[in-house]
file query.txt (compact mmCIF, C-alpha atoms)
# COMPACT_ATOMS: atom_id res chain seq x y z
CA MET W 14 -50.80 49.00 36.25
CA GLU W 15 -51.19 52.76 36.78
CA ASP W 16 -49.84 52.42 40.33
CA ILE W 17 -46.62 50.73 39.38
CA ILE W 18 -45.93 53.23 36.62
CA ASN W 19 -46.58 56.15 38.98
CA ILE W 20 -44.38 54.64 41.68
CA ALA W 21 -41.62 53.98 39.15
CA ARG W 22 -41.82 57.50 37.67
CA GLU W 23 -41.46 59.01 41.15
CA LEU W 24 -38.53 56.73 42.01
CA ILE W 25 -36.53 57.26 38.84
CA LYS W 26 -36.58 61.02 39.43
CA ARG W 27 -34.54 60.43 42.60
CA ASP W 28 -30.79 61.00 42.10
CA ASP W 29 -29.72 57.91 44.03
CA ILE W 30 -31.65 55.37 41.97
CA GLU W 31 -29.83 54.07 38.91
CA ALA W 32 -32.54 51.85 37.50
CA ILE W 33 -35.81 50.15 38.24
CA ILE W 34 -35.99 46.41 37.73
CA GLY W 35 -39.38 45.18 36.61
CA TYR W 36 -41.11 43.50 33.68
CA GLU W 37 -42.25 44.48 30.21
CA LYS W 38 -44.39 42.61 27.74
CA GLY W 39 -42.41 40.12 25.63
CA ARG W 40 -42.88 39.42 21.95
CA ALA W 41 -44.01 35.79 22.23
CA PRO W 42 -47.55 35.07 23.40
CA PHE W 43 -47.90 35.07 27.19
CA GLN W 44 -44.30 36.19 27.59
CA THR W 45 -43.07 38.87 29.92
CA VAL W 46 -39.40 39.74 30.11
CA PRO W 47 -37.24 41.45 32.73
CA PHE W 48 -36.99 45.16 32.03
CA PHE W 49 -34.66 47.83 33.38
CA ALA W 50 -36.18 51.30 33.40
CA ARG W 51 -33.61 54.12 33.45
CA THR W 52 -35.71 57.14 32.40
CA PRO W 53 -39.26 58.31 33.24
CA GLU W 54 -40.32 57.39 29.67
CA ASP W 55 -39.03 53.83 30.16
CA CYS W 56 -41.31 53.51 33.18
CA ASP W 57 -44.42 53.57 30.97
CA LYS W 58 -43.42 50.17 29.59
CA LEU W 59 -43.49 48.52 33.02
CA ILE W 60 -46.16 45.92 33.63
CA MET W 61 -47.08 43.66 36.52
CA ASN W 62 -49.44 40.71 36.24
CA SER W 63 -49.57 37.00 36.99
CA LEU W 64 -47.50 36.19 33.90
CA CYS W 65 -44.51 38.04 35.37
CA VAL W 66 -42.75 34.83 36.31
CA ASN W 67 -39.00 35.51 36.17
CA ASN W 68 -37.19 35.88 39.44
CA LEU W 69 -35.69 39.36 39.14
CA VAL W 70 -33.20 39.35 41.99
CA SER W 71 -30.56 37.66 39.80
CA TYR W 72 -30.17 40.97 37.97
CA ILE W 73 -29.44 43.19 40.96
CA ASN W 74 -25.69 42.66 40.93
CA GLN W 75 -25.43 43.84 37.33
CA PHE W 76 -25.86 47.38 38.65
CA SER W 77 -23.24 49.20 40.65
CA GLY W 78 -25.55 51.84 42.10
CA LYS W 79 -28.79 51.69 43.99
CA VAL W 80 -31.71 50.02 42.25
CA ALA W 81 -35.42 49.81 42.87
CA ILE W 82 -36.90 46.39 42.28
CA PHE W 83 -40.42 45.00 42.06
CA VAL W 84 -40.58 41.76 44.02
CA LYS W 85 -43.18 39.04 44.21
CA PRO W 86 -43.01 36.87 47.35
CA CYS W 87 -40.73 34.37 45.52
CA ASP W 88 -38.27 37.10 44.54
CA ALA W 89 -38.38 38.50 48.06
CA LYS W 90 -37.57 35.11 49.56
CA ALA W 91 -34.57 34.83 47.23
CA LEU W 92 -33.56 38.34 48.34
CA VAL W 93 -33.65 37.18 51.95
CA GLY W 94 -31.32 34.30 51.00
CA LEU W 95 -28.90 36.59 49.17
CA LEU W 96 -28.89 39.12 52.01
CA GLN W 97 -28.25 36.31 54.52
CA GLU W 98 -25.26 35.25 52.47
CA HIS W 99 -24.02 38.84 52.04
CA GLN W 100 -24.31 38.81 48.25
CA ILE W 101 -26.32 42.04 48.11
CA GLU W 102 -26.14 45.21 50.14
CA ARG W 103 -29.46 46.16 51.68
CA GLU W 104 -28.63 49.90 51.40
CA LYS W 105 -28.39 49.59 47.64
CA LEU W 106 -31.96 48.36 47.29
CA HIS W 107 -35.36 49.93 47.26
CA ILE W 108 -37.82 47.04 47.43
CA ILE W 109 -41.35 47.42 46.15
CA GLY W 110 -43.40 44.45 47.34
CA ILE W 111 -46.13 42.98 45.16
CA ASN W 112 -48.73 40.59 46.54
CA CYS W 113 -49.17 37.36 44.62
CA GLN W 114 -52.07 34.96 44.32
CA GLY W 115 -50.13 32.57 42.12
CA ALA W 116 -48.32 32.98 38.81
CA LEU W 117 -49.23 31.48 35.46
CA ASN W 118 -47.36 28.79 33.59
CA PRO W 119 -46.79 30.14 30.05
CA LYS W 120 -46.11 26.60 28.75
CA LYS W 121 -49.54 25.41 29.90
CA LEU W 122 -51.20 28.42 28.27
CA ARG W 123 -49.38 27.85 25.00
CA ASN W 124 -50.64 24.26 24.99
CA ALA W 125 -54.20 25.45 25.63
CA ILE W 126 -54.36 27.70 22.57
CA LYS W 127 -53.59 24.71 20.33
CA GLY W 128 -51.24 26.43 17.92
CA ARG W 129 -53.52 29.32 16.99
CA MET W 130 -51.92 32.71 16.31
CA VAL W 131 -52.24 34.99 19.30
CA LYS W 132 -52.56 38.70 18.53
CA ASP W 133 -52.74 39.90 22.09
CA TRP W 134 -53.68 38.90 25.61
CA SER W 135 -54.81 40.69 28.73
CA ILE W 136 -55.36 39.74 32.34
CA ASN W 137 -58.38 40.92 34.26
CA GLY W 138 -58.97 39.66 37.79
CA ASP W 139 -58.98 35.87 37.71
CA LYS W 140 -59.47 35.62 33.94
CA ILE W 141 -57.02 35.79 31.06
CA LYS W 142 -58.41 36.90 27.73
CA VAL W 143 -56.70 35.76 24.52
CA TYR W 144 -57.28 37.57 21.22
CA TYR W 145 -56.74 35.44 18.11
CA GLU W 146 -56.54 36.56 14.47
CA SER W 147 -60.27 36.00 14.47
CA GLY W 148 -62.22 35.62 17.67
CA GLU W 149 -61.18 35.54 21.30
CA GLU W 150 -61.21 33.14 24.21
CA GLU W 151 -61.22 33.46 27.97
CA PHE W 152 -59.41 31.15 30.40
CA ASN W 153 -59.58 30.80 34.17
CA ILE W 154 -56.27 31.74 35.73
CA LYS W 155 -56.48 29.10 38.41
CA ASP W 156 -56.33 26.29 35.81
CA PHE W 157 -52.94 27.49 34.57
CA LEU W 158 -50.99 28.14 37.77
CA LEU W 159 -47.36 27.09 38.10
CA ASP W 160 -46.89 23.89 40.10
CA LYS W 161 -45.32 25.78 43.01
CA CYS W 162 -48.24 28.17 43.49
CA PRO W 163 -51.23 26.31 44.97
CA ALA W 164 -49.31 25.21 48.09
CA CYS W 165 -47.38 28.46 48.57
CA ASP W 166 -47.80 29.97 52.03
CA THR W 167 -46.26 33.35 51.18
CA ARG W 168 -48.65 35.70 49.41
CA THR W 169 -47.02 38.88 50.68
CA PRO W 170 -43.25 39.41 50.33
CA PRO W 171 -41.40 38.79 53.63
CA ILE W 172 -39.29 41.91 52.99
CA TYR W 173 -40.12 45.24 51.37
CA ASP W 174 -39.74 49.01 51.67
CA GLU W 175 -43.18 49.72 50.31
CA LEU W 176 -46.01 47.33 49.59
CA LEU W 177 -48.65 47.63 46.91
CA GLY W 178 -51.96 46.66 48.49
CA ASP W 179 -52.52 45.07 51.89
CA GLU W 180 -50.87 42.04 53.43
CA ILE W 181 -52.54 38.76 52.47
CA LYS W 182 -52.97 35.90 54.91
CA THR W 183 -53.35 32.35 53.65
CA ALA W 184 -55.26 29.36 54.96
CA ASP W 185 -56.21 25.82 53.94
CA LEU W 186 -53.36 25.21 51.53
CA PRO W 187 -52.64 21.86 49.91
CA GLU W 188 -49.55 20.23 51.38
CA LEU W 189 -46.31 21.48 49.84
CA LEU W 190 -44.36 18.29 50.42
CA ALA W 191 -47.07 15.83 49.39
CA ARG W 192 -45.25 14.77 46.23
CA VAL W 193 -41.93 14.32 48.04
CA LYS W 194 -43.60 12.10 50.64
CA GLU W 195 -45.17 10.05 47.88
CA LEU W 196 -41.79 9.49 46.23
CA GLU W 197 -40.15 8.64 49.55
CA LYS W 198 -42.51 5.68 49.94
CA LEU W 199 -41.24 3.99 46.76
CA PRO W 200 -38.80 1.09 47.19
CA ALA W 201 -35.15 2.03 46.58
CA ALA W 202 -34.97 0.33 43.18
CA GLU W 203 -38.01 2.22 41.90
CA LYS W 204 -36.66 5.52 43.20
CA GLN W 205 -33.42 4.86 41.39
CA GLN W 206 -35.26 4.00 38.20
CA TYR W 207 -37.49 7.09 38.45
CA TRP W 208 -34.55 9.43 38.88
CA ASN W 209 -32.19 7.72 36.48
CA GLU W 210 -34.83 7.98 33.74
CA HIS W 211 -35.08 11.72 34.39
CA PHE W 212 -31.32 12.24 34.70
CA GLU W 213 -30.75 10.32 31.50
CA ARG W 214 -32.82 12.88 29.57
CA CYS W 215 -30.86 15.85 30.93
CA LEU W 216 -29.06 17.83 28.23
CA ARG W 217 -26.82 19.53 30.76
CA CYS W 218 -27.67 22.90 29.26
CA TYR W 219 -27.33 24.27 32.82
CA ALA W 220 -30.41 26.46 32.35
CA CYS W 221 -31.39 25.48 35.91
CA VAL W 222 -28.07 26.81 37.19
CA LYS W 223 -28.18 30.00 35.15
CA ILE W 224 -31.70 30.93 36.19
CA CYS W 225 -31.38 30.06 39.87
CA PRO W 226 -31.21 33.25 41.97
CA LEU W 227 -29.14 31.44 44.59
CA CYS W 228 -26.63 29.74 42.25
CA TYR W 229 -24.29 32.70 42.12
CA CYS W 230 -20.83 31.09 42.21
CA GLU W 231 -18.61 32.69 39.61
CA ARG W 232 -17.06 29.33 38.91
CA CYS W 233 -19.34 26.33 39.14
CA PHE W 234 -18.02 22.87 40.07
CA VAL W 235 -19.20 21.62 36.66
CA GLU W 236 -16.65 23.89 34.96
CA ASN W 237 -13.75 22.63 36.98
CA ALA W 238 -11.13 20.85 34.87
CA SER W 239 -8.71 19.84 37.59
CA PRO W 240 -10.10 17.73 39.09
CA GLN W 241 -12.82 17.22 36.56
CA TRP W 242 -15.83 16.09 38.57
CA ILE W 243 -18.29 16.00 35.69
CA ASP W 244 -17.58 14.71 32.17
CA LYS W 245 -18.01 17.19 29.36
CA SER W 246 -20.04 14.58 27.51
CA ASN W 247 -23.64 13.91 28.34
CA ASN W 248 -24.10 10.59 30.15
CA LEU W 249 -26.12 9.23 33.02
CA LYS W 250 -23.13 8.98 35.33
CA SER W 251 -22.23 12.66 35.06
CA ASN W 252 -25.81 13.89 34.78
CA LYS W 253 -26.60 12.15 38.03
CA ALA W 254 -23.55 13.60 39.78
CA PHE W 255 -24.49 17.05 38.52
CA HIS W 256 -28.09 16.82 39.72
CA LEU W 257 -27.17 15.41 43.12
CA ILE W 258 -24.63 18.13 43.80
CA ARG W 259 -26.83 20.89 42.36
CA ALA W 260 -29.63 19.91 44.72
CA TYR W 261 -27.22 19.53 47.64
CA HIS W 262 -25.74 22.99 47.06
CA LEU W 263 -29.25 24.38 47.44
CA ALA W 264 -30.00 22.49 50.65
CA GLY W 265 -31.28 24.94 53.22
CA ARG W 266 -31.02 27.73 50.64
CA CYS W 267 -33.59 26.96 47.93
CA ILE W 268 -36.63 29.14 48.52
CA ASP W 269 -38.78 27.22 46.03
CA CYS W 270 -39.28 29.88 43.39
CA GLY W 271 -39.47 27.00 40.90
CA GLU W 272 -37.48 28.83 38.25
CA CYS W 273 -35.35 25.72 37.57
CA ASP W 274 -38.50 23.74 36.81
CA ARG W 275 -39.75 26.44 34.49
CA ALA W 276 -36.42 26.85 32.70
CA CYS W 277 -35.78 23.15 32.16
CA PRO W 278 -36.32 22.32 28.48
CA MET W 279 -36.63 18.61 29.31
CA ASP W 280 -39.17 19.02 32.13
CA ILE W 281 -37.00 17.26 34.69
CA PRO W 282 -38.77 17.63 38.08
CA LEU W 283 -35.96 19.58 39.73
CA ARG W 284 -38.30 21.04 42.32
CA GLU W 285 -38.89 17.58 43.75
CA LEU W 286 -35.18 17.30 44.57
CA ASN W 287 -35.10 20.81 46.00
CA LEU W 288 -38.18 20.17 48.10
CA LYS W 289 -36.64 16.97 49.45
CA MET W 290 -33.70 19.08 50.65
CA ARG W 291 -36.13 21.57 52.15
CA LYS W 292 -37.89 18.76 54.01
CA SER W 293 -34.61 17.29 55.22
CA VAL W 294 -33.35 20.62 56.56
CA GLU W 295 -36.66 21.36 58.23
CA GLU W 296 -36.84 17.92 59.87
CA HIS W 297 -33.28 17.80 61.14
CA PHE W 298 -32.47 21.44 61.84
CA ASN W 299 -35.90 23.04 62.11
CA TYR W 300 -35.10 25.64 59.46
CA VAL W 301 -37.14 27.04 56.58
CA PRO W 302 -35.28 29.16 53.98
CA GLY W 303 -36.31 32.64 52.85
CA LYS W 304 -37.84 33.88 56.10
CA ASP W 305 -35.30 35.62 58.28
CA ILE W 306 -32.19 37.58 57.28
CA ASP W 307 -30.58 37.37 60.71
CA VAL W 308 -30.50 33.56 60.98
CA PRO W 309 -27.42 31.92 59.42
CA PRO W 310 -28.11 29.32 56.69
CA PRO W 311 -28.29 25.85 58.28
CA LEU W 312 -25.32 24.29 56.50
CA SER W 313 -22.97 27.10 57.45
CA THR W 314 -23.54 26.59 61.14
CA PHE W 315 -24.13 23.73 63.61
CA LYS W 316 -25.37 22.84 67.04
CA LYS W 317 -23.64 20.41 69.34
CA GLU W 318 -26.93 18.63 69.91
CA ASP W 319 -27.70 18.12 66.22
CA PRO W 320 -29.31 14.72 65.49
CA GLN W 321 -26.90 11.92 64.60
CA ASP W 322 -29.00 8.77 64.67
CA PHE W 323 -27.36 7.31 61.59
CA ILE W 324 -23.80 7.87 62.80
CA ARG W 325 -22.18 4.90 64.51
CA MET K 9 -22.26 -5.08 35.82
CA GLU K 10 -24.49 -8.11 35.22
CA GLU K 11 -21.44 -10.17 34.45
CA LYS K 12 -19.71 -9.01 37.57
CA SER K 13 -22.57 -10.02 39.86
CA ALA K 14 -22.79 -13.43 38.26
CA LYS K 15 -19.27 -14.17 39.38
CA THR K 16 -19.25 -16.01 42.62
CA ASP K 17 -15.92 -14.59 43.67
CA TRP K 18 -17.18 -10.99 43.68
CA GLU K 19 -15.77 -8.99 46.53
CA PRO K 20 -17.25 -5.65 47.56
CA ARG K 21 -15.15 -2.53 47.25
CA ILE K 22 -15.52 -0.09 50.13
CA VAL K 23 -14.09 3.43 50.09
CA GLY K 24 -13.51 5.04 53.46
CA PHE K 25 -12.94 8.77 53.82
CA VAL K 26 -11.30 9.12 57.19
CA CYS K 27 -9.84 11.97 59.16
CA ASN K 28 -6.13 12.12 59.80
CA TRP K 29 -6.38 12.62 63.55
CA CYS K 30 -8.84 10.01 64.75
CA THR K 31 -10.09 7.28 62.45
CA TYR K 32 -6.89 6.99 60.42
CA ALA K 33 -4.99 6.60 63.66
CA GLY K 34 -7.67 4.15 64.83
CA ALA K 35 -7.14 2.09 61.68
CA ASP K 36 -3.41 2.24 62.30
CA LEU K 37 -3.96 0.96 65.82
CA ALA K 38 -6.07 -1.90 64.46
CA GLY K 39 -3.13 -2.78 62.24
CA THR K 40 -0.40 -2.52 64.86
CA SER K 41 -2.56 -4.49 67.31
CA ARG K 42 -2.69 -7.27 64.68
CA LEU K 43 -6.50 -7.12 64.59
CA LYS K 44 -8.04 -8.86 61.61
CA TYR K 45 -10.47 -7.03 59.34
CA PRO K 46 -11.50 -7.58 55.70
CA PRO K 47 -9.14 -6.12 53.09
CA ASN K 48 -12.03 -4.73 51.01
CA VAL K 49 -11.72 -1.31 52.56
CA ARG K 50 -9.65 1.37 50.83
CA LEU K 51 -9.01 4.28 53.14
CA ILE K 52 -8.52 7.81 51.89
CA ARG K 53 -6.96 10.07 54.46
CA LEU K 54 -8.18 13.64 54.72
CA PRO K 55 -7.28 16.32 57.23
CA CYS K 56 -10.77 16.35 58.70
CA THR K 57 -14.29 15.04 58.02
CA GLY K 58 -15.20 18.70 57.57
CA ALA K 59 -13.04 18.67 54.42
CA ILE K 60 -15.21 16.04 52.78
CA ASP K 61 -17.18 17.40 49.87
CA PRO K 62 -20.20 15.24 48.93
CA LEU K 63 -18.68 15.22 45.45
CA PHE K 64 -16.04 12.81 46.81
CA ILE K 65 -18.79 10.40 47.78
CA VAL K 66 -20.50 10.59 44.39
CA LYS K 67 -17.12 10.15 42.70
CA ALA K 68 -16.41 7.08 44.80
CA PHE K 69 -19.72 5.49 43.81
CA GLN K 70 -19.12 6.35 40.17
CA SER K 71 -15.66 4.86 40.27
CA GLY K 72 -16.89 1.50 41.46
CA ALA K 73 -17.30 1.69 45.22
CA ASP K 74 -20.11 -0.53 46.48
CA ALA K 75 -20.32 1.31 49.77
CA VAL K 76 -18.80 4.47 51.20
CA LEU K 77 -17.77 5.20 54.75
CA VAL K 78 -17.05 8.56 56.30
CA SER K 79 -15.43 8.49 59.68
CA GLY K 80 -13.79 10.99 61.98
CA CYS K 81 -13.35 12.23 65.52
CA HIS K 82 -16.10 12.01 68.09
CA PRO K 83 -18.04 15.23 68.74
CA ASN K 84 -15.96 17.58 70.91
CA ASP K 85 -12.73 15.86 69.81
CA CYS K 86 -12.19 17.53 66.41
CA HIS K 87 -8.60 18.63 65.90
CA TYR K 88 -10.00 21.74 64.21
CA THR K 89 -12.68 22.27 66.87
CA SER K 90 -15.78 22.01 64.72
CA GLY K 91 -15.04 20.20 61.43
CA ASN K 92 -16.94 17.08 62.45
CA TYR K 93 -20.00 19.09 63.47
CA HIS K 94 -20.13 20.70 60.04
CA ALA K 95 -19.60 17.32 58.37
CA ARG K 96 -22.46 15.90 60.43
CA ARG K 97 -24.89 18.56 59.16
CA LYS K 98 -23.75 18.35 55.55
CA LEU K 99 -23.79 14.58 55.36
CA THR K 100 -27.12 14.28 57.17
CA VAL K 101 -28.86 16.11 54.32
CA PHE K 102 -26.70 14.51 51.64
CA LYS K 103 -27.52 11.04 52.92
CA ASP K 104 -31.21 11.95 52.68
CA LEU K 105 -30.67 13.03 49.07
CA LEU K 106 -28.82 9.82 48.17
CA GLU K 107 -31.63 7.74 49.63
CA PHE K 108 -34.26 9.85 47.91
CA THR K 109 -32.62 9.13 44.56
CA GLY K 110 -32.57 5.41 45.23
CA LEU K 111 -29.37 4.52 47.07
CA ASP K 112 -29.78 1.79 49.66
CA PRO K 113 -29.20 3.34 53.13
CA LYS K 114 -26.77 0.51 53.89
CA ARG K 115 -24.35 1.75 51.25
CA PHE K 116 -23.46 4.97 52.99
CA TRP K 117 -22.02 4.77 56.49
CA MET K 118 -20.77 7.33 58.90
CA SER K 119 -19.06 6.79 62.24
CA TRP K 120 -16.99 8.41 64.93
CA ILE K 121 -13.91 6.31 65.62
CA SER K 122 -11.13 7.71 67.78
CA ALA K 123 -7.41 6.94 67.67
CA SER K 124 -7.81 4.52 70.57
CA GLU K 125 -10.69 2.57 69.06
CA GLY K 126 -8.80 0.06 66.92
CA GLN K 127 -11.19 -2.67 67.98
CA LYS K 128 -14.25 -0.60 66.97
CA PHE K 129 -12.65 0.11 63.59
CA ALA K 130 -11.97 -3.55 62.87
CA SER K 131 -15.42 -4.76 63.87
CA PHE K 132 -17.14 -1.89 62.02
CA MET K 133 -15.29 -2.76 58.79
CA GLU K 134 -16.34 -6.37 59.27
CA GLU K 135 -19.96 -5.25 59.56
CA ILE K 136 -19.86 -2.99 56.50
CA VAL K 137 -18.34 -5.69 54.32
CA THR K 138 -20.89 -8.28 55.50
CA GLU K 139 -23.80 -5.92 54.82
CA THR K 140 -22.45 -4.90 51.40
CA LYS K 141 -21.98 -8.55 50.43
CA LYS K 142 -25.70 -9.07 51.15
CA LEU K 143 -26.62 -6.16 48.86
CA GLY K 144 -24.38 -7.19 45.96
CA PRO K 145 -22.64 -4.84 43.52
CA LEU K 146 -23.91 -1.27 43.24
CA LYS K 147 -25.86 -0.47 40.11
CA GLY K 148 -27.04 2.77 38.58
CA TYR K 149 -24.01 4.98 39.30
CA ASN K 150 -21.19 4.00 37.02
CA ASN K 151 -22.78 3.10 33.71

call {"tool": "encode", "arguments": {"input": "query.txt", "output": "structure tokens"}}
result
Amino acid sequence: MEDIINIARELIKRDDIEAIIGYEKGRAPFQTVPFFARTPEDCDKLIMNSLCVNNLVSYINQFSGKVAIFVKPCDAKALVGLLQEHQIEREKLHIIGINCQGALNPKKLRNAIKGRMVKDWSINGDKIKVYYESGEEEFNIKDFLLDKCPACDTRTPPIYDELLGDEIKTADLPELLARVKELEKLPAAEKQQYWNEHFERCLRCYACVKICPLCYCERCFVENASPQWIDKSNNLKSNKAFHLIRAYHLAGRCIDCGECDRACPMDIPLRELNLKMRKSVEEHFNYVPGKDIDVPPPLSTFKKEDPQDFIR
Amino acid sequence: MEEKSAKTDWEPRIVGFVCNWCTYAGADLAGTSRLKYPPNVRLIRLPCTGAIDPLFIVKAFQSGADAVLVSGCHPNDCHYTSGNYHARRKLTVFKDLLEFTGLDPKRFWMSWISASEGQKFASFMEEIVTETKKLGPLKGYNN
């Protein structure tokens, strides 16, 4: 924690840096919230731990000047996507890379404390300590990881100006696409039932759209009134259309930060749709998002020899 | 929907999104050559397959199409040089998504049919209608 505060204090003294984007402790238990430090005193509030889950790159364009930003590998992958699509200027960024061994799911933790009042919490190594009104309890971090984390192959950000700590290599990961492959094996009718049941529950609050670092259109197709693609009312027909097109718009772009999954109040498995798109793009066009700024996104380019087995 | 499928005289409704320069002309040739093909196909003419947003396809299914066809110029023949290549990429992944969410693969078709392939157009429509009749009315999109 000392390091990030020292780094931030040095950076904010520079004339060219308008703000530092990081995290501070939130008011709810196990909550951290995005924080913009503008003065050296602000910097003392900055924290960095495995409960810092929000993807911060969505906030960059709120600033006109240069900003410094703390990025986990997920945030950095989203940055790569935004830089590829020319949504952010590289010169206006100072990127401080943070290694990540997996982030915690605050929902899972809140379930584990069984409604008791939490006074405070702290993270030390691979343990999280929870202080109640009376007594305390310790949990193992690895039991509370977000679904995306165990299979993640990026522990060090793919892009940074300075990195805290040394690069981390990974090995022996569980398969990322295991769940997608499982779903693919279902007969068509069961797939339809599985998804329609999920789509039916959707409230269309658009939290998944708002939180997604790569959903940056100023006007979303769901807002369009002429033609109106999606009903204003909540029904399976429109929910399904929304989810299909949302997932399709992220094909070859979604970097699997899992923020949509985390933001969804109805626990709709949005990541499964996104991962299916990731698999499809990798199979057909041999492309994995969030790695290389200089390669154009797969759906904005083509090759003459692209596969076309299904075309007659 | 249940009622509809119980009717023996149910006829499938096919929506075809076709490009102005190749497949629409191909369909025209099928007509002027007096070739017979089933009247279940409703063609929607667009400037290019590259102009097809997957939203059109979802909308067609929602509005009662039992199968959707997208057809345009052969690779290298696009009037706008590369529209069909872009369409190919986009619809390859979108087809995967439709199948992943439970659409039968035989309800979404794509083809390259040129202005001189009236015969191919007629026989392809015949095939789509036959296959769709086997599958019955589409469920799960428009309720």

call {"tool": "closest_atom_pairs", "arguments": {"input": "query.txt", "of": "chain W", "to": "chain K", "cutoff": "9 Å", "atoms": "all atoms listed in the file", "output": "tab-separated table"}}
result
residue	atom	partner	partner_atom	distance
W:Val193	CA	K:Phe108	CA	8.9
W:Leu196	CA	K:Phe108	CA	7.7
W:Glu197	CA	K:Phe108	CA	6.2
W:Leu199	CA	K:Gly110	CA	8.9
W:Pro200	CA	K:Gly110	CA	7.8
W:Ala201	CA	K:Gly110	CA	4.5
W:Ala202	CA	K:Gly110	CA	6.0
W:Glu203	CA	K:Gly110	CA	7.1
W:Lys204	CA	K:Gly110	CA	4.6
W:Gln205	CA	K:Gly110	CA	4.0
W:Gln206	CA	K:Gly110	CA	7.7
W:Tyr207	CA	K:Thr109	CA	8.1
W:Trp208	CA	K:Thr109	CA	6.0
W:Asn209	CA	K:Gly148	CA	7.4
W:Trp242	CA	K:Lys67	CA	7.3
W:Asn248	CA	K:Asn151	CA	8.4
W:Leu249	CA	K:Asn151	CA	7.0
W:Lys250	CA	K:Asn150	CA	5.6
W:Ser251	CA	K:Gln70	CA	8.7
W:Lys253	CA	K:Tyr149	CA	7.7
W:Ala254	CA	K:Val66	CA	6.3
W:Leu257	CA	K:Leu105	CA	7.3
W:Ile258	CA	K:Leu63	CA	6.8
W:Ala260	CA	K:Leu105	CA	8.2
W:Tyr261	CA	K:Phe102	CA	6.4
W:Ala264	CA	K:Val101	CA	7.4
W:Leu286	CA	K:Leu105	CA	7.7
W:Lys289	CA	K:Leu105	CA	7.2
W:Met290	CA	K:Val101	CA	6.8
W:Ser293	CA	K:Val101	CA	5.9
W:Val294	CA	K:Val101	CA	6.7
W:His297	CA	K:Thr100	CA	8.1
W:Phe298	CA	K:Arg97	CA	8.5
W:Pro311	CA	K:Arg97	CA	8.1
W:Leu312	CA	K:Lys98	CA	6.2
W:Ser313	CA	K:His94	CA	7.5
W:Thr314	CA	K:His94	CA	6.9
W:Phe315	CA	K:His94	CA	6.2
W:Lys316	CA	K:Tyr93	CA	7.5
W:Lys317	CA	K:Tyr93	CA	7.0
W:Asp319	CA	K:Arg97	CA	7.6
W:Pro320	CA	K:Arg96	CA	8.6
W:Gln321	CA	K:Arg96	CA	7.3
W:Phe323	CA	K:Met118	CA	7.1
W:Ile324	CA	K:Ser119	CA	4.9
W:Arg325	CA	K:Ser119	CA	4.3

call {"tool": "write_last_selection", "arguments": {"input": "query.txt", "atoms": "C-alpha atoms", "output": "compact mmCIF listing (two decimals), in the coordinates of the input"}}
result
# COMPACT_ATOMS: atom_id res chain seq x y z
CA VAL W 193 -41.93 14.32 48.04
CA LEU W 196 -41.79 9.49 46.23
CA GLU W 197 -40.15 8.64 49.55
CA LEU W 199 -41.24 3.99 46.76
CA PRO W 200 -38.80 1.09 47.19
CA ALA W 201 -35.15 2.03 46.58
CA ALA W 202 -34.97 0.33 43.18
CA GLU W 203 -38.01 2.22 41.90
CA LYS W 204 -36.66 5.52 43.20
CA GLN W 205 -33.42 4.86 41.39
CA GLN W 206 -35.26 4.00 38.20
CA TYR W 207 -37.49 7.09 38.45
CA TRP W 208 -34.55 9.43 38.88
CA ASN W 209 -32.19 7.72 36.48
CA TRP W 242 -15.83 16.09 38.57
CA ASN W 248 -24.10 10.59 30.15
CA LEU W 249 -26.12 9.23 33.02
CA LYS W 250 -23.13 8.98 35.33
CA SER W 251 -22.23 12.66 35.06
CA LYS W 253 -26.60 12.15 38.03
CA ALA W 254 -23.55 13.60 39.78
CA LEU W 257 -27.17 15.41 43.12
CA ILE W 258 -24.63 18.13 43.80
CA ALA W 260 -29.63 19.91 44.72
CA TYR W 261 -27.22 19.53 47.64
CA ALA W 264 -30.00 22.49 50.65
CA LEU W 286 -35.18 17.30 44.57
CA LYS W 289 -36.64 16.97 49.45
CA MET W 290 -33.70 19.08 50.65
CA SER W 293 -34.61 17.29 55.22
CA VAL W 294 -33.35 20.62 56.56
CA HIS W 297 -33.28 17.80 61.14
CA PHE W 298 -32.47 21.44 61.84
CA PRO W 311 -28.29 25.85 58.28
CA LEU W 312 -25.32 24.29 56.50
CA SER W 313 -22.97 27.10 57.45
CA THR W 314 -23.54 26.59 61.14
CA PHE W 315 -24.13 23.73 63.61
CA LYS W 316 -25.37 22.84 67.04
CA LYS W 317 -23.64 20.41 69.34
CA ASP W 319 -27.70 18.12 66.22
CA PRO W 320 -29.31 14.72 65.49
CA GLN W 321 -26.90 11.92 64.60
CA PHE W 323 -27.36 7.31 61.59
CA ILE W 324 -23.80 7.87 62.80
CA ARG W 325 -22.18 4.90 64.51

call {"tool": "atom_distance", "arguments": {"input": "query.txt", "atom1": "CA of Pro282 in chain W", "atom2": "CA of Gly39 in chain W"}}
result
26.0 Å

call {"tool": "closest_residue", "arguments": {"input": "query.txt", "among": "K:Cys81, K:Leu43, K:Leu37, K:Ile52", "to": "Ala68 in chain K", "atoms": "only C-alpha atoms"}}
result
K:Ile52

call {"tool": "atom_distance", "arguments": {"input": "query.txt", "atom1": "CA of Ile268 in chain W", "atom2": "CA of Cys228 in chain W"}}
result
11.8 Å

call {"tool": "atom_distance", "arguments": {"input": "query.txt", "atom1": "CA of Leu24 in chain W", "atom2": "CA of Cys56 in chain W"}}
result
9.8 Å

call {"tool": "closest_residue", "arguments": {"input": "query.txt", "among": "K:Val49, K:Cys27, K:Ala123, K:Lys114", "to": "Thr140 in chain K", "atoms": "only C-alpha atoms"}}
result
K:Lys114
